[in-house]
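Student: Mind having a look at this structure? Questions to follow.
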Amino acid sequence: MKLQTKFNLGIIVVFLVLAVSIGILSIRYVNANTIREAKNRVSIYTRAAWEIHNGKIARIQAAIEVLARTQIVEGLLDHQLDVQEEEQQLRAAREELERIRQEQEMDVLNLLAPDGTVILRTRFPYNTGDNLARDPIVHQVIAEEQASSGNIIFSQERLDRAGEGLIQRTLAIGQEPRGMFTGAAVPVIRDGQMIGILEMGTLLNGAVEEVDRIRDAVFENEAYEGKPVGTATIFMGDLRISTNVLDNQGRRAVGTRVSREVAEQVLEEGEPWTGRAYVVDTWYLSQYDPIRNPDGKIIGMLYVGELEEKYLDLRRRAVTLFLAVVLAGMLVAFLTFYVLTRGVVQPVAELSHATQQLSSGELTYRVDIHREDELGELATSFNGMAERLEKQRREIEQSQHRLRELNQELRTTNRNYMEMLGFVSHELKNPLSSAMMSLHTVKDGYLGELTEAQETSLGSVARSLEYFQEMIKNYLDLSRLEKGELEVHAQKVTLQSQVIQPVLESLSQSLEARGMRVVNEVPEDLVVYADPNLLRVVYDNLLSNAVKYGREGGKIELDAQKNQKKALTLSVFNEGPGIPADQMPRLFEKFSRLDSPEYSKEKGTGLGLYICREIVEEHGGEIWADSEEGEWVRFSFTLPDQGG
Amino acid sequence: MPDKKGTIVVIDDDVQLVESVTTLLESVGYEVFSAYRAEKGFDLAKEKQPDLILLDVMFAGPPGPDGFEISRRIKKDDVLQHTPVVMLSGVKKVLELGYDVAPDDDFMPVEAFIDKPVKPEKLLTTIDEVLEASE
């Protein structure tokens, strides 16, 4: 996998993990917060709702407190009148109070005797005479001669007696003959004594004023996507009696009942219920608070609900925004990361490519990376290295070129040498040959008889020429030797016929002239593994020496022996003066001549034995001489590896 | 001058040698003709139709056939094919001729092969033998 891909994958994985974690955590956090927030808010709303509700009651109380001090009320309570007058005054007062009641938009405005008996009702049919001492509010006033207020349940009978139309109103909502009354009662005090009770209030069943006020005050009558953001409901028991929650037809959903769960918790256990409530067809963040009468009994519920959707959407948007920001941030981070890593990966890739180029032999490649950091250093080092490699290669190529040139020169020289050799030998030998031919033609009498002196003189010329001839031969051999040209081309050689016989043949005249006899102990069929030409040179030299320096009339013996290591020892023996012991060490050295009268007549070139040694050693063998001074000398050499 | 023993053509680029060989051969009674170039020698032989041809191996100078080549040509020539050829060579040792230098029907169809330098006696003996054999 490529480096950049690794990086990218790595960072993507990290980001994914991060994103998922952040996502989950943030959603959880937001959720929790939102819920807490919602609960808090709903609490506040509910408190506000209570304020409004209680405010209303307070206003009612304040109103009747004022009214309690007026003449009308006092007059009604104060004196006894005769029946007719009373009737008239009563009627006038009642009309006035009814007017006030209607002004106040109340359903009930009653005047009671200190014992709770109803003296005056301001609602048709203006019933009187029933006793309300058991009414919790009234009861409180009677007991403590103090104002009292709150919410109470009117029984059907009470509703009936309270006046026309009330019971119809309650029945219209859920067939319920009872009603929830909210109001206050104040004592009428004169001269420190309670002379009566003034009671005012209103029925909440079917009323809209309070819930709407709650809605308007708390929620500003805001709507969200066609639905009211805020709702309020007053329950009598579990029955909705006053609400601005709308049903699917858009009407106020009075007469419906609250869920079992809520009813249990709020009405029976008296604990407020907070949470998400599915009201009619929508989710509301709600709080249900119990409504208690002055005796502390739970008679209903106050509900405030906020449209969840609005906040859901808000939350969703918040979360989305948040995630979007996070993702955007991650994207930016990723891009930055990518750019940064690319800034590293690319040079690395380039260096990798460059190295490949280098290793495949392309030494002229250079990287084009100019940075101030480690990669820049690497690039510089690389270029430097490539530069050196290139230079080295150039040098090597130059050396090789030189070598080739030298080799060429060498070959040329060699060829030249060979040509020269050929040329020299040709050029030297030809005059020599013709000189000898001419000389011998004369010396041997073909052109007439010679005097002794002439013959002697020509004889010495002949000897000089012979010496000259030997010199040429030896020097040619030597120079080839020096040039390392005497390569052993080993092959199977029949020693007798291929080597010894030809040599003896070429020396036959001299042998005869000196009267020497050759004892040839070399087997006819002896086959050696050696270079025939080189062997001929050896035998030529050894036998020439034997003929030249051996005793006149003496014996020359040739022998061949196999020794234990499968090597062959060949020897040339001749009777004669032999080699003095002190001259032995230098015998085979270049230019060494034996320094003795016997040897001075026939001067040698000093090269013959040296050449023999070189050839023998080239074959891997050894050459040596044994001698008895004055008697004989035997030259022996070994040819090893005859098994091959 | 004794009766001529025969005619010999000498083909060799060594002027001195030719001279000394001619002197020798004439001294024993041969009639000698000579040429210094291989081609010229061939033509001369055709003209003189000798009893024997003495032929050198190497010819210095402008490129051309060597002795072996000429010997083969002689053998192919209807006029000369029966004429015996004796080859002279000074280069055997130098060239380290790998093979045994012996007359060979295919490569070197000659009657005898002599190394230079050669003693007069050897040369004369060889010529005598070859002439005898060819009769």
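Chain labels run A, B, ... following the order of the structure tokens; each chain numbers its residues from 1, and ligands are numbered from 1 in the order shown.
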Chain A near chain B within 6 Å: what's each residue's closest atom pair and its distance in Å to one decimal, counting only C-alpha atoms, ordered by chain then ascending residue number, as a Markdown table?
Tutor:
```
| residue | atom | partner | partner_atom | distance |
| --- | --- | --- | --- | --- |
| A:Ser433 | CA | B:Pro117 | CA | 4.2 |
| A:Ser434 | CA | B:Leu17 | CA | 4.0 |
| A:Met437 | CA | B:Pro120 | CA | 5.9 |
| A:Ser438 | CA | B:Ser20 | CA | 4.8 |
| A:Thr441 | CA | B:Leu24 | CA | 5.7 |
| A:Tyr446 | CA | B:Ser27 | CA | 5.9 |
| A:Leu447 | CA | B:Ser27 | CA | 6.0 |
```
Student: Which is closest to Ser43 (chain A) among A:Ser508, A:Gln249, A:Thr274, A:Thr320, if we use only C-alpha atoms?
Tutor: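 Going through A:Ser508, A:Gln249, A:Thr274, A:Thr320 one by one, the smallest distance to Ser43 (chain A) is for A:Thr274.
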Student: Where in chain B does DSSP assign helix (DSSP H, G or I), given as a ChimeraX atom specification?
Tutor: /B:15-27,38-48,67-76,92-95,120-134
Student: From the options A:Arg316, A:Arg388, A:Arg634, A:Arg215, which residue's atoms come nearest to His53 (chain A), counting only C-alpha atoms?
Tutor: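 Once distances to His53 (chain A) are computed over only C-alpha atoms, the minimum belongs to A:Arg215.
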Student: For each of A:Val188, A:Met471, A:Ala49, A:Val332, take the minimum atom-to-atom distance to Glu65 (chain A), counting only C-alpha atoms, then give the residue where this is smallest.
Tutor: A:Val188
Student: Could you tell me how far CA of Ser544 (chain A) lies from CA of Glu521 (chain A), in Å and to one decimal?
Tutor: 18.1 Å
Student: What's the 12 Å shell around region 81-85 of chain B, counting only C-alpha atoms, without same-chain residues fewer than 4 positions away, as a ChimeraX atom specification?
Tutor: /B:7-11,42,45-46,48-57,67-68,70-77,103,108-114,126-135
Student: Could you check how far CA of Glu409 (chain A) sits from CA of Tyr475 (chain A), in Å to one decimal?
Tutor: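 Pair CA of Glu409 (chain A) / CA of Tyr475 (chain A) returns 23.8 Å.
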Student: Using only C-alpha atoms, which residues sit within 10 Å of Arg59 (chain A) once same-chain residues fewer than 5 positions away are excluded, as an MDAnalysis selection string?
Tutor: chainID A and resid 53:54 64:65 104 183:184
Student: Report, in Å with one decimal, the straight-line distance from CA of Glu629 (chain A) to CA of Gly553 (chain A).
Tutor: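 Atom-to-atom, CA of Glu629 (chain A) and CA of Gly553 (chain A) are spaced 17.8 Å apart.
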